[in-house]
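Participant: Pasting a structure here, questions to come.
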Amino acid sequence: MQNTDPFSPRCRKARGALSNAAGRFDLAREAQDDGWWQEAPDPSVATEIRNELARSLISYNRSPDLPFDRSINPYRGCEHGCVYCFARPSHAYLGLSPGLDFETRLVARSNAAEVLRKELSARSYKVATLAIGTNTDPYQPCERDHLLMRQCLEVLQAFNHPVAIVTKGTLIERDIDILTDMARRGLVRVGISVTTLDAKLSRRMEPRAPVPARRLATIRRLSAAGVPVRIMTSPLVPGLTDHELEALLAAGQDAGADAASWIMLRLPREVSQLWQDWLHEHAPDRAAKVMARLREMHGGRDYDPRWGHRMRGEGEYAEMIARRFRLACKRLGLAERTAPLRTDLFAKPLQPGDQLSLFS
């Protein structure tokens, strides 16, 4: 990956990535001097959002590492700007950089709810829990204006379709009316990701995500409304946030979470260089230790994508973290596994022109 960075530290303030290097499908990107240089202040990197009409929405997977086989993403890219985000390489498929483009050049799939309704209405559709937020956050800042996540939730509510949501966004509180209704029927579970309790560290790693205390407040509010919530201590960063594991779990349990999970920091493709650049600027005294631990868990590599290995690594350090997690969950009464959401209530609502049942 070409390490070009036309942006000064001032203009990329409140952004996670330090560079905007070309993705693996856009290898020719480089800065060119057109001869018209003049002294001028660097412009800030603004967020751009373009609309896209989706042809399909539900993505299926067969990964044995995941507890779901289908998911949707109303948005491409994520303005939260978490520098460690494993989804960054997906922006390369759009001809965009996994760096600053991922967090500044977003795509809103404006017909997401319409396409979702169509796919759920298909005769061949077989119901199973649908995951949202596993790639990009559905409650990132642009959701406030676009309302795509709420529209999709309204469709799922109408179909009595089970859904598992992962987010850092406190905007999920806006949809408590829908979530509470679905929770009463065993149709929803929410995971709130809290990576650290250190607000300053969070602001550097996750520059436009809510601060940790605010995310814990969201757990508290959702739990109080009867929505089951999991505290997700993900990703856990060796040598940087790993010492907080027990404190994170305790804070989540105190806020009302009834379950917990953890995933080790993952550095697929372009994420590795983006992360290492971030480490050298923001935590230079920890950089060598963090990368040594990661490579220790991945056979000397920055990342090993093998199923059954990629989420947590292997070796003594990975096993120690797993033991600490299990012991803390047992002490705090946090479940590692939860009961499956209900699928027996799924029903396709009547559409205009449908014939009413004689027995309704």
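All residue names refer to the structure tokens as shown: chains lettered A, B, ... in order, residues numbered from 1 in each chain, ligands numbered from 1 in order.
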Applying 12 Å and only C-alpha atoms, which residues near A:Thr218 remain after dropping the ones on its own chain fewer than 3 positions away? List them as a PyMOL selection string.
Facilitator: chain A and resi 167-176+190-194+210-215+221-225+227-231+252+255-257
Participant: Could you turn the residues from that selection into a file that holds N, CA, C and O atoms, as a compact mmCIF listing (two decimals), in the first residue's frame?
Facilitator:
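The new file out_35.txt reads:
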# COMPACT_ATOMS: atom_id res chain seq x y z
N THR A 167 -23.23 -1.49 18.06
CA THR A 167 -23.01 -0.07 17.83
C THR A 167 -22.15 0.55 18.93
O THR A 167 -22.04 0.00 20.02
N LYS A 168 -21.56 1.69 18.60
CA LYS A 168 -20.97 2.60 19.59
C LYS A 168 -21.83 3.85 19.71
O LYS A 168 -21.57 4.70 20.54
N GLY A 169 -22.82 3.98 18.83
CA GLY A 169 -23.57 5.23 18.71
C GLY A 169 -24.69 5.37 19.71
O GLY A 169 -25.56 4.50 19.82
N THR A 170 -24.71 6.48 20.40
CA THR A 170 -25.78 6.73 21.38
C THR A 170 -27.08 7.11 20.69
O THR A 170 -28.13 7.18 21.35
N LEU A 171 -27.06 7.33 19.39
CA LEU A 171 -28.28 7.64 18.66
C LEU A 171 -29.27 6.48 18.71
O LEU A 171 -30.46 6.66 18.44
N ILE A 172 -28.81 5.30 19.10
CA ILE A 172 -29.71 4.16 19.25
C ILE A 172 -30.82 4.46 20.26
O ILE A 172 -31.92 3.91 20.18
N GLU A 173 -30.55 5.38 21.20
CA GLU A 173 -31.57 5.73 22.20
C GLU A 173 -32.81 6.33 21.54
O GLU A 173 -33.91 6.23 22.08
N ARG A 174 -32.65 6.95 20.40
CA ARG A 174 -33.80 7.50 19.67
C ARG A 174 -34.82 6.42 19.33
O ARG A 174 -36.03 6.67 19.27
N ASP A 175 -34.34 5.18 19.13
CA ASP A 175 -35.20 4.10 18.66
C ASP A 175 -35.66 3.18 19.78
O ASP A 175 -36.08 2.04 19.53
N ILE A 176 -35.60 3.65 21.01
CA ILE A 176 -36.00 2.81 22.15
C ILE A 176 -37.45 2.38 22.03
O ILE A 176 -37.82 1.29 22.49
N VAL A 190 -28.91 -6.08 21.80
CA VAL A 190 -27.99 -5.01 21.41
C VAL A 190 -26.62 -5.25 22.03
O VAL A 190 -26.52 -5.65 23.20
N GLY A 191 -25.58 -5.00 21.26
CA GLY A 191 -24.21 -5.03 21.78
C GLY A 191 -23.62 -3.63 21.70
O GLY A 191 -23.65 -3.01 20.65
N ILE A 192 -23.13 -3.12 22.83
CA ILE A 192 -22.49 -1.81 22.87
C ILE A 192 -20.99 -2.01 23.05
O ILE A 192 -20.56 -2.63 24.02
N SER A 193 -20.21 -1.50 22.12
CA SER A 193 -18.76 -1.67 22.15
C SER A 193 -18.11 -0.57 22.99
O SER A 193 -18.31 0.62 22.71
N VAL A 194 -17.36 -0.97 24.00
CA VAL A 194 -16.60 -0.04 24.83
C VAL A 194 -15.17 -0.56 24.90
O VAL A 194 -14.92 -1.59 25.52
N PRO A 210 -18.93 8.37 20.51
CA PRO A 210 -19.22 8.89 21.85
C PRO A 210 -18.17 8.44 22.86
O PRO A 210 -17.61 7.35 22.74
N VAL A 211 -17.92 9.27 23.86
CA VAL A 211 -16.93 8.93 24.88
C VAL A 211 -17.42 7.71 25.67
O VAL A 211 -18.62 7.42 25.71
N PRO A 212 -16.52 6.97 26.31
CA PRO A 212 -16.91 5.74 27.01
C PRO A 212 -18.03 5.92 28.02
O PRO A 212 -18.96 5.10 28.08
N ALA A 213 -17.97 6.98 28.83
CA ALA A 213 -19.01 7.19 29.84
C ALA A 213 -20.38 7.34 29.20
O ALA A 213 -21.40 6.89 29.75
N ARG A 214 -20.42 7.96 28.04
CA ARG A 214 -21.70 8.15 27.35
C ARG A 214 -22.23 6.83 26.81
O ARG A 214 -23.44 6.58 26.80
N ARG A 215 -21.34 5.96 26.36
CA ARG A 215 -21.78 4.63 25.89
C ARG A 215 -22.32 3.80 27.05
O ARG A 215 -23.30 3.06 26.90
N ARG A 221 -29.57 3.06 29.85
CA ARG A 221 -30.90 3.47 29.40
C ARG A 221 -31.61 2.33 28.65
O ARG A 221 -32.81 2.11 28.84
N LEU A 222 -30.89 1.61 27.80
CA LEU A 222 -31.49 0.49 27.09
C LEU A 222 -31.93 -0.60 28.06
O LEU A 222 -33.05 -1.14 27.95
N SER A 223 -31.07 -0.93 29.00
CA SER A 223 -31.39 -1.97 29.98
C SER A 223 -32.61 -1.60 30.81
O SER A 223 -33.48 -2.43 31.07
N ALA A 224 -32.68 -0.34 31.21
CA ALA A 224 -33.83 0.12 32.00
C ALA A 224 -35.13 0.02 31.21
O ALA A 224 -36.21 -0.13 31.79
N ALA A 225 -35.02 0.10 29.88
CA ALA A 225 -36.20 0.01 29.03
C ALA A 225 -36.56 -1.44 28.68
O ALA A 225 -37.51 -1.68 27.93
N VAL A 227 -34.46 -3.66 27.18
CA VAL A 227 -33.74 -4.17 26.01
C VAL A 227 -32.47 -4.89 26.48
O VAL A 227 -31.64 -4.28 27.16
N PRO A 228 -32.31 -6.16 26.17
CA PRO A 228 -31.10 -6.88 26.63
C PRO A 228 -29.86 -6.36 25.93
O PRO A 228 -29.83 -6.18 24.71
N VAL A 229 -28.80 -6.10 26.73
CA VAL A 229 -27.59 -5.48 26.20
C VAL A 229 -26.36 -6.28 26.59
O VAL A 229 -26.21 -6.71 27.74
N ARG A 230 -25.45 -6.42 25.63
CA ARG A 230 -24.15 -7.06 25.85
C ARG A 230 -23.07 -5.98 25.86
O ARG A 230 -23.07 -5.09 25.01
N ILE A 231 -22.16 -6.03 26.83
CA ILE A 231 -20.98 -5.16 26.83
C ILE A 231 -19.90 -5.85 25.99
O ILE A 231 -19.53 -7.00 26.26
N GLY A 252 -19.71 -2.31 32.56
CA GLY A 252 -20.86 -2.75 31.77
C GLY A 252 -21.92 -3.41 32.62
O GLY A 252 -23.12 -3.14 32.46
N ALA A 255 -23.83 -0.96 34.60
CA ALA A 255 -24.76 -0.18 33.79
C ALA A 255 -25.99 -0.98 33.39
O ALA A 255 -26.95 -0.41 32.85
N GLY A 256 -25.95 -2.30 33.62
CA GLY A 256 -27.13 -3.11 33.33
C GLY A 256 -26.95 -4.17 32.27
O GLY A 256 -27.90 -4.89 31.94
N ALA A 257 -25.74 -4.31 31.71
CA ALA A 257 -25.51 -5.36 30.72
C ALA A 257 -25.68 -6.73 31.37
O ALA A 257 -25.31 -6.92 32.53
Participant: Output as a ChimeraX atom specification all residues of stretch 80-247 of chain A that backbone DSSP marks as strand (DSSP E).
Facilitator: /A:105-109,130-132,163-167,188-193,229-236
Participant: Using only C-alpha atoms for the distances, tell me which of A:Lys200, A:Arg301, A:Arg189, A:Arg109 is nearest to A:Ile219.
Facilitator: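 Between A:Lys200, A:Arg301, A:Arg189, A:Arg109, the residue approaching A:Ile219 most closely is A:Arg189.
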Participant: Mind checking DSSP for stretch 27-250 of chain A and telling me the alpha helix (DSSP H) residues as JSON, numbers by chain?
Facilitator: {"A": [100, 101, 102, 103, 104, 112, 113, 114, 115, 116, 117, 118, 119, 120, 121, 143, 144, 145, 146, 148, 149, 150, 151, 152, 153, 154, 155, 156, 157, 158, 159, 176, 177, 178, 179, 180, 181, 182, 183, 184, 199, 200, 201, 202, 203, 204, 205, 212, 213, 214, 215, 216, 217, 218, 219, 220, 221, 222, 223, 224, 245, 246, 247, 248, 249, 250]}
Participant: What is the distance between atom CA of A:Leu248 and atom CA of A:Arg342, in Å to one decimal?
Facilitator: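 Those two atoms sit 29.2 Å apart.
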Participant: If I take atom CA of A:Glu314 and atom CA of A:Thr338, how far is one from the other in Å, to one decimal?
Facilitator: 24.6 Å
Participant: Can you pull out the residues contacting A:Ile132? Cut-off 7 Å, using only C-alpha atoms, and skip same-chain residues under 5 positions away; I want them as a list of chain:residue names.
Facilitator: A:Ser71, A:Ile72, A:Asn73, A:Ala164, A:Ile165, A:Val166
Participant: Show me, as a PyMOL selection string, the residues that have an atom within 12 Å of A:Leu249 when counting only C-alpha atoms, minus same-chain residues fewer than 4 positions from it.
Facilitator: chain A and resi 192-197+216+230-234+242-245+253-262+324-336
Participant: Could you turn the residues from that selection into a file that holds N, CA, C and O atoms, as a short mmCIF file (atom, residue, chain, number, x, y, z; two decimals), in the first residue's frame?
Facilitator:
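Full text of part-v8.cif as output:
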data_model
loop_
_atom_site.label_atom_id
_atom_site.label_comp_id
_atom_site.auth_asym_id
_atom_site.auth_seq_id
_atom_site.Cartn_x
_atom_site.Cartn_y
_atom_site.Cartn_z
N ILE A 192 -23.13 -3.12 22.83
CA ILE A 192 -22.49 -1.81 22.87
C ILE A 192 -20.99 -2.01 23.05
O ILE A 192 -20.56 -2.63 24.02
N SER A 193 -20.21 -1.50 22.12
CA SER A 193 -18.76 -1.67 22.15
C SER A 193 -18.11 -0.57 22.99
O SER A 193 -18.31 0.62 22.71
N VAL A 194 -17.36 -0.97 24.00
CA VAL A 194 -16.60 -0.04 24.83
C VAL A 194 -15.17 -0.56 24.90
O VAL A 194 -14.92 -1.59 25.52
N THR A 195 -14.25 0.13 24.27
CA THR A 195 -12.88 -0.36 24.13
C THR A 195 -11.96 0.06 25.27
O THR A 195 -10.96 -0.59 25.54
N THR A 196 -12.28 1.16 25.92
CA THR A 196 -11.47 1.69 27.01
C THR A 196 -12.33 2.60 27.86
O THR A 196 -13.34 3.13 27.40
N LEU A 197 -11.93 2.79 29.12
CA LEU A 197 -12.61 3.76 29.99
C LEU A 197 -11.88 5.09 30.00
O LEU A 197 -12.35 6.05 30.61
N LEU A 216 -21.67 3.91 28.20
CA LEU A 216 -22.17 3.19 29.38
C LEU A 216 -23.55 3.71 29.77
O LEU A 216 -24.42 2.94 30.21
N ARG A 230 -25.45 -6.42 25.63
CA ARG A 230 -24.15 -7.06 25.85
C ARG A 230 -23.07 -5.98 25.86
O ARG A 230 -23.07 -5.09 25.01
N ILE A 231 -22.16 -6.03 26.83
CA ILE A 231 -20.98 -5.16 26.83
C ILE A 231 -19.90 -5.85 25.99
O ILE A 231 -19.53 -7.00 26.26
N MET A 232 -19.43 -5.17 24.96
CA MET A 232 -18.45 -5.74 24.04
C MET A 232 -17.11 -5.05 24.27
O MET A 232 -16.95 -3.88 23.93
N THR A 233 -16.17 -5.74 24.85
CA THR A 233 -14.85 -5.17 25.10
C THR A 233 -13.97 -5.44 23.88
O THR A 233 -12.99 -6.18 23.95
N SER A 234 -14.36 -4.83 22.78
CA SER A 234 -13.73 -5.14 21.49
C SER A 234 -13.46 -3.86 20.71
O SER A 234 -14.31 -2.97 20.66
N ASP A 242 -5.48 -3.82 27.35
CA ASP A 242 -5.75 -5.14 27.94
C ASP A 242 -5.86 -5.10 29.46
O ASP A 242 -6.59 -5.89 30.05
N HIS A 243 -5.15 -4.17 30.10
CA HIS A 243 -5.22 -4.09 31.56
C HIS A 243 -6.58 -3.63 32.06
O HIS A 243 -6.90 -3.77 33.24
N GLU A 244 -7.42 -3.11 31.16
CA GLU A 244 -8.74 -2.60 31.53
C GLU A 244 -9.85 -3.65 31.45
O GLU A 244 -11.01 -3.34 31.73
N LEU A 245 -9.54 -4.85 31.03
CA LEU A 245 -10.57 -5.85 30.74
C LEU A 245 -11.57 -6.00 31.89
O LEU A 245 -12.79 -5.88 31.69
N GLN A 253 -21.48 -4.27 33.53
CA GLN A 253 -22.43 -4.95 34.42
C GLN A 253 -23.14 -3.96 35.32
O GLN A 253 -24.35 -4.04 35.55
N ASP A 254 -22.41 -2.98 35.83
CA ASP A 254 -23.00 -1.96 36.69
C ASP A 254 -24.03 -1.12 35.93
O ASP A 254 -25.01 -0.65 36.52
N ALA A 255 -23.83 -0.96 34.60
CA ALA A 255 -24.76 -0.18 33.79
C ALA A 255 -25.99 -0.98 33.39
O ALA A 255 -26.95 -0.41 32.85
N GLY A 256 -25.95 -2.30 33.62
CA GLY A 256 -27.13 -3.11 33.33
C GLY A 256 -26.95 -4.17 32.27
O GLY A 256 -27.90 -4.89 31.94
N ALA A 257 -25.74 -4.31 31.71
CA ALA A 257 -25.51 -5.36 30.72
C ALA A 257 -25.68 -6.73 31.37
O ALA A 257 -25.31 -6.92 32.53
N ASP A 258 -26.23 -7.68 30.63
CA ASP A 258 -26.42 -9.03 31.17
C ASP A 258 -25.49 -10.05 30.51
O ASP A 258 -25.50 -11.22 30.86
N ALA A 259 -24.71 -9.61 29.52
CA ALA A 259 -23.81 -10.52 28.81
C ALA A 259 -22.57 -9.74 28.38
O ALA A 259 -22.54 -8.51 28.44
N ALA A 260 -21.56 -10.47 27.93
CA ALA A 260 -20.29 -9.82 27.54
C ALA A 260 -19.61 -10.64 26.47
O ALA A 260 -19.86 -11.84 26.30
N SER A 261 -18.71 -9.97 25.74
CA SER A 261 -17.90 -10.65 24.72
C SER A 261 -16.60 -9.89 24.54
O SER A 261 -16.47 -8.75 24.98
N TRP A 262 -15.63 -10.52 23.90
CA TRP A 262 -14.37 -9.84 23.60
C TRP A 262 -13.80 -10.38 22.29
O TRP A 262 -14.01 -11.54 21.92
N ARG A 324 -8.90 -14.67 31.95
CA ARG A 324 -9.30 -13.47 32.70
C ARG A 324 -10.74 -13.11 32.38
O ARG A 324 -11.52 -12.74 33.27
N PHE A 325 -11.11 -13.20 31.10
CA PHE A 325 -12.47 -12.86 30.68
C PHE A 325 -13.48 -13.81 31.33
O PHE A 325 -14.49 -13.37 31.88
N ARG A 326 -13.22 -15.09 31.26
CA ARG A 326 -14.15 -16.07 31.83
C ARG A 326 -14.32 -15.88 33.33
O ARG A 326 -15.45 -15.92 33.85
N LEU A 327 -13.21 -15.67 34.04
CA LEU A 327 -13.29 -15.50 35.49
C LEU A 327 -14.06 -14.23 35.86
O LEU A 327 -14.87 -14.22 36.78
N ALA A 328 -13.82 -13.15 35.12
CA ALA A 328 -14.52 -11.89 35.41
C ALA A 328 -16.01 -12.03 35.13
O ALA A 328 -16.84 -11.54 35.91
N CYS A 329 -16.36 -12.67 34.03
CA CYS A 329 -17.78 -12.86 33.71
C CYS A 329 -18.48 -13.71 34.77
O CYS A 329 -19.61 -13.41 35.17
N LYS A 330 -17.79 -14.75 35.23
CA LYS A 330 -18.38 -15.60 36.27
C LYS A 330 -18.60 -14.82 37.55
O LYS A 330 -19.65 -14.92 38.19
N ARG A 331 -17.61 -14.02 37.93
CA ARG A 331 -17.72 -13.22 39.16
C ARG A 331 -18.82 -12.18 39.06
O ARG A 331 -19.53 -11.91 40.04
N LEU A 332 -19.00 -11.60 37.88
CA LEU A 332 -19.97 -10.51 37.69
C LEU A 332 -21.35 -11.00 37.26
O LEU A 332 -22.29 -10.21 37.20
N GLY A 333 -21.46 -12.29 36.97
CA GLY A 333 -22.75 -12.82 36.54
C GLY A 333 -23.10 -12.44 35.11
O GLY A 333 -24.30 -12.37 34.76
N LEU A 334 -22.10 -12.22 34.27
CA LEU A 334 -22.32 -11.88 32.87
C LEU A 334 -22.29 -13.15 32.02
O LEU A 334 -21.37 -13.97 32.15
N ALA A 335 -23.28 -13.32 31.17
CA ALA A 335 -23.34 -14.50 30.32
C ALA A 335 -22.40 -14.34 29.13
O ALA A 335 -22.27 -13.25 28.57
N GLU A 336 -21.72 -15.41 28.76
CA GLU A 336 -20.92 -15.39 27.53
C GLU A 336 -21.77 -15.79 26.33
O GLU A 336 -21.54 -15.34 25.22
#
Participant: Which residue, A:Arg55, A:Arg266, A:Arg88, A:Arg208, has the smallest gap to A:Tyr139 when you use only C-alpha atoms?
Facilitator: A:Arg208
Participant: Considering only C-alpha atoms, state which residue in the set A:Thr180, A:Gln351, A:Ser59, A:Ser90 is at the smallest distance from A:Leu153.
Facilitator: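 That would be A:Thr180, the residue with the smallest distance to A:Leu153.
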Participant: Looking at A:Tyr303, A:Tyr125, A:Phe86, A:Trp278, which one is nearest to A:Phe346, with distances taken over only C-alpha atoms?
Facilitator: A:Tyr125
Participant: Hey, which of A:Asn61, A:Arg312, A:Ala183, A:Gln151 ends up closest to A:Val115? Count only C-alpha atoms.
Facilitator: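 Smallest separation from A:Val115 among the options: A:Gln151.
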Participant: Quick one: residues within 12 Å of A:Arg286, only C-alpha atoms counted, chain neighbours fewer than 6 positions away excluded, as a ChimeraX atom specification?
Facilitator: /A:237-241,276,278-280,292-293
Participant: Give me a file of those residues, with C-alpha atoms, as a PDB file, in the first residue's frame.
Facilitator:
ATOM      1  CA  VAL A 237      -5.475  -4.011  22.355  1.00  0.00           C
ATOM      2  CA  PRO A 238      -2.515  -5.856  23.905  1.00  0.00           C
ATOM      3  CA  GLY A 239      -0.173  -3.531  25.729  1.00  0.00           C
ATOM      4  CA  LEU A 240      -2.604  -0.622  25.509  1.00  0.00           C
ATOM      5  CA  THR A 241      -6.099  -1.515  26.794  1.00  0.00           C
ATOM      6  CA  GLN A 276       1.094   1.187  13.082  1.00  0.00           C
ATOM      7  CA  TRP A 278      -1.282   5.722  14.529  1.00  0.00           C
ATOM      8  CA  LEU A 279       0.757   3.943  17.205  1.00  0.00           C
ATOM      9  CA  HIS A 280       3.966   5.759  16.286  1.00  0.00           C
ATOM     10  CA  ALA A 292       5.177  -7.822  19.423  1.00  0.00           C
ATOM     11  CA  ARG A 293       2.154  -9.175  21.311  1.00  0.00           C
TER      12      ARG A 293
END
Participant: Extract, using only C-alpha atoms, all DNA, RNA and protein residues at most 7 Å from stretch 66-70 of chain A, discarding same-chain residues fewer than 3 positions from it, and format them as number ranges by chain.
Facilitator: A: 58-63, 129-131
Participant: Hey, can you check how far atom CA of A:Gly226 sits from atom CA of A:Asp198?
Facilitator: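 Value for the atom CA of A:Gly226-atom CA of A:Asp198 distance: 28.1 Å.
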Participant: Write out as a PDB file with N, CA and C atoms, in the first residue's frame each polymer residue whose atoms come within 10 Å of A:Gly99, counting only C-alpha atoms; drop sequence neighbours fewer than 6 positions from it.
Facilitator:
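What ended up in result_38.pdb:
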ATOM      1  N   ASP A   5       0.537  10.830   2.068  1.00  0.00           N
ATOM      2  CA  ASP A   5      -0.278  11.535   3.039  1.00  0.00           C
ATOM      3  C   ASP A   5      -0.253  13.024   2.742  1.00  0.00           C
ATOM      4  N   ARG A  15     -10.010  13.044  13.126  1.00  0.00           N
ATOM      5  CA  ARG A  15     -10.073  11.892  12.243  1.00  0.00           C
ATOM      6  C   ARG A  15      -9.154  10.813  12.780  1.00  0.00           C
ATOM      7  N   GLY A  16      -9.456   9.557  12.465  1.00  0.00           N
ATOM      8  CA  GLY A  16      -8.674   8.464  13.008  1.00  0.00           C
ATOM      9  C   GLY A  16      -7.427   8.146  12.215  1.00  0.00           C
ATOM     10  N   ALA A  17      -7.572   7.963  10.897  1.00  0.00           N
ATOM     11  CA  ALA A  17      -6.436   7.596  10.055  1.00  0.00           C
ATOM     12  C   ALA A  17      -5.508   8.786   9.856  1.00  0.00           C
ATOM     13  N   LEU A  18      -4.218   8.505   9.744  1.00  0.00           N
ATOM     14  CA  LEU A  18      -3.232   9.557   9.520  1.00  0.00           C
ATOM     15  C   LEU A  18      -2.976   9.777   8.041  1.00  0.00           C
ATOM     16  N   SER A  19      -3.396   8.831   7.200  1.00  0.00           N
ATOM     17  CA  SER A  19      -3.081   8.910   5.774  1.00  0.00           C
ATOM     18  C   SER A  19      -4.300   8.557   4.944  1.00  0.00           C
ATOM     19  N   ASN A  20      -4.149   8.753   3.650  1.00  0.00           N
ATOM     20  CA  ASN A  20      -5.207   8.384   2.710  1.00  0.00           C
ATOM     21  C   ASN A  20      -4.590   7.602   1.567  1.00  0.00           C
ATOM     22  N   ALA A  21      -3.739   6.666   1.921  1.00  0.00           N
ATOM     23  CA  ALA A  21      -3.022   5.880   0.927  1.00  0.00           C
ATOM     24  C   ALA A  21      -3.981   5.098   0.043  1.00  0.00           C
ATOM     25  N   ALA A  22      -3.565   4.834  -1.179  1.00  0.00           N
ATOM     26  CA  ALA A  22      -4.394   4.104  -2.131  1.00  0.00           C
ATOM     27  C   ALA A  22      -4.710   2.712  -1.619  1.00  0.00           C
ATOM     28  N   GLY A  23      -5.920   2.260  -1.914  1.00  0.00           N
ATOM     29  CA  GLY A  23      -6.300   0.891  -1.606  1.00  0.00           C
ATOM     30  C   GLY A  23      -5.706  -0.060  -2.622  1.00  0.00           C
ATOM     31  N   GLY A  81     -14.619   6.879  12.662  1.00  0.00           N
ATOM     32  CA  GLY A  81     -13.186   7.000  12.404  1.00  0.00           C
ATOM     33  C   GLY A  81     -12.299   6.144  13.285  1.00  0.00           C
ATOM     34  N   VAL A  83      -9.591   4.009  14.256  1.00  0.00           N
ATOM     35  CA  VAL A  83      -8.420   3.732  13.430  1.00  0.00           C
ATOM     36  C   VAL A  83      -8.186   2.240  13.260  1.00  0.00           C
ATOM     37  N   ARG A  88     -12.304  -1.294   7.363  1.00  0.00           N
ATOM     38  CA  ARG A  88     -11.715  -0.291   6.467  1.00  0.00           C
ATOM     39  C   ARG A  88     -11.365  -0.849   5.080  1.00  0.00           C
ATOM     40  N   PRO A  89     -10.804  -2.049   4.958  1.00  0.00           N
ATOM     41  CA  PRO A  89     -10.437  -2.550   3.625  1.00  0.00           C
ATOM     42  C   PRO A  89     -11.623  -2.666   2.669  1.00  0.00           C
ATOM     43  N   HIS A  91     -13.617  -0.457   1.842  1.00  0.00           N
ATOM     44  CA  HIS A  91     -13.736   0.757   1.042  1.00  0.00           C
ATOM     45  C   HIS A  91     -12.909   0.674  -0.236  1.00  0.00           C
ATOM     46  N   ALA A  92     -11.909  -0.193  -0.243  1.00  0.00           N
ATOM     47  CA  ALA A  92     -11.085  -0.350  -1.440  1.00  0.00           C
ATOM     48  C   ALA A  92     -11.909  -0.870  -2.614  1.00  0.00           C
ATOM     49  N   GLU A 270      -4.972  -3.355   4.713  1.00  0.00           N
ATOM     50  CA  GLU A 270      -4.460  -2.000   4.902  1.00  0.00           C
ATOM     51  C   GLU A 270      -4.523  -1.514   6.347  1.00  0.00           C
ATOM     52  N   VAL A 271      -5.326  -2.167   7.178  1.00  0.00           N
ATOM     53  CA  VAL A 271      -5.489  -1.715   8.565  1.00  0.00           C
ATOM     54  C   VAL A 271      -4.171  -1.788   9.331  1.00  0.00           C
ATOM     55  N   GLN A 273      -0.995  -1.158   8.450  1.00  0.00           N
ATOM     56  CA  GLN A 273      -0.141   0.023   8.317  1.00  0.00           C
ATOM     57  C   GLN A 273      -0.803   1.257   8.928  1.00  0.00           C
ATOM     58  N   LEU A 274      -2.118   1.397   8.754  1.00  0.00           N
ATOM     59  CA  LEU A 274      -2.834   2.522   9.358  1.00  0.00           C
ATOM     60  C   LEU A 274      -2.684   2.500  10.874  1.00  0.00           C
TER      61      LEU A 274
END
Participant: Of the candidates A:Asp65, A:Pro268, A:Leu201, A:Val155, which shows the shortest atom-to-atom distance to A:Pro98, using only C-alpha atoms?
Facilitator: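 Of A:Asp65, A:Pro268, A:Leu201, A:Val155, the one nearest A:Pro98, counting only C-alpha atoms, is A:Pro268.
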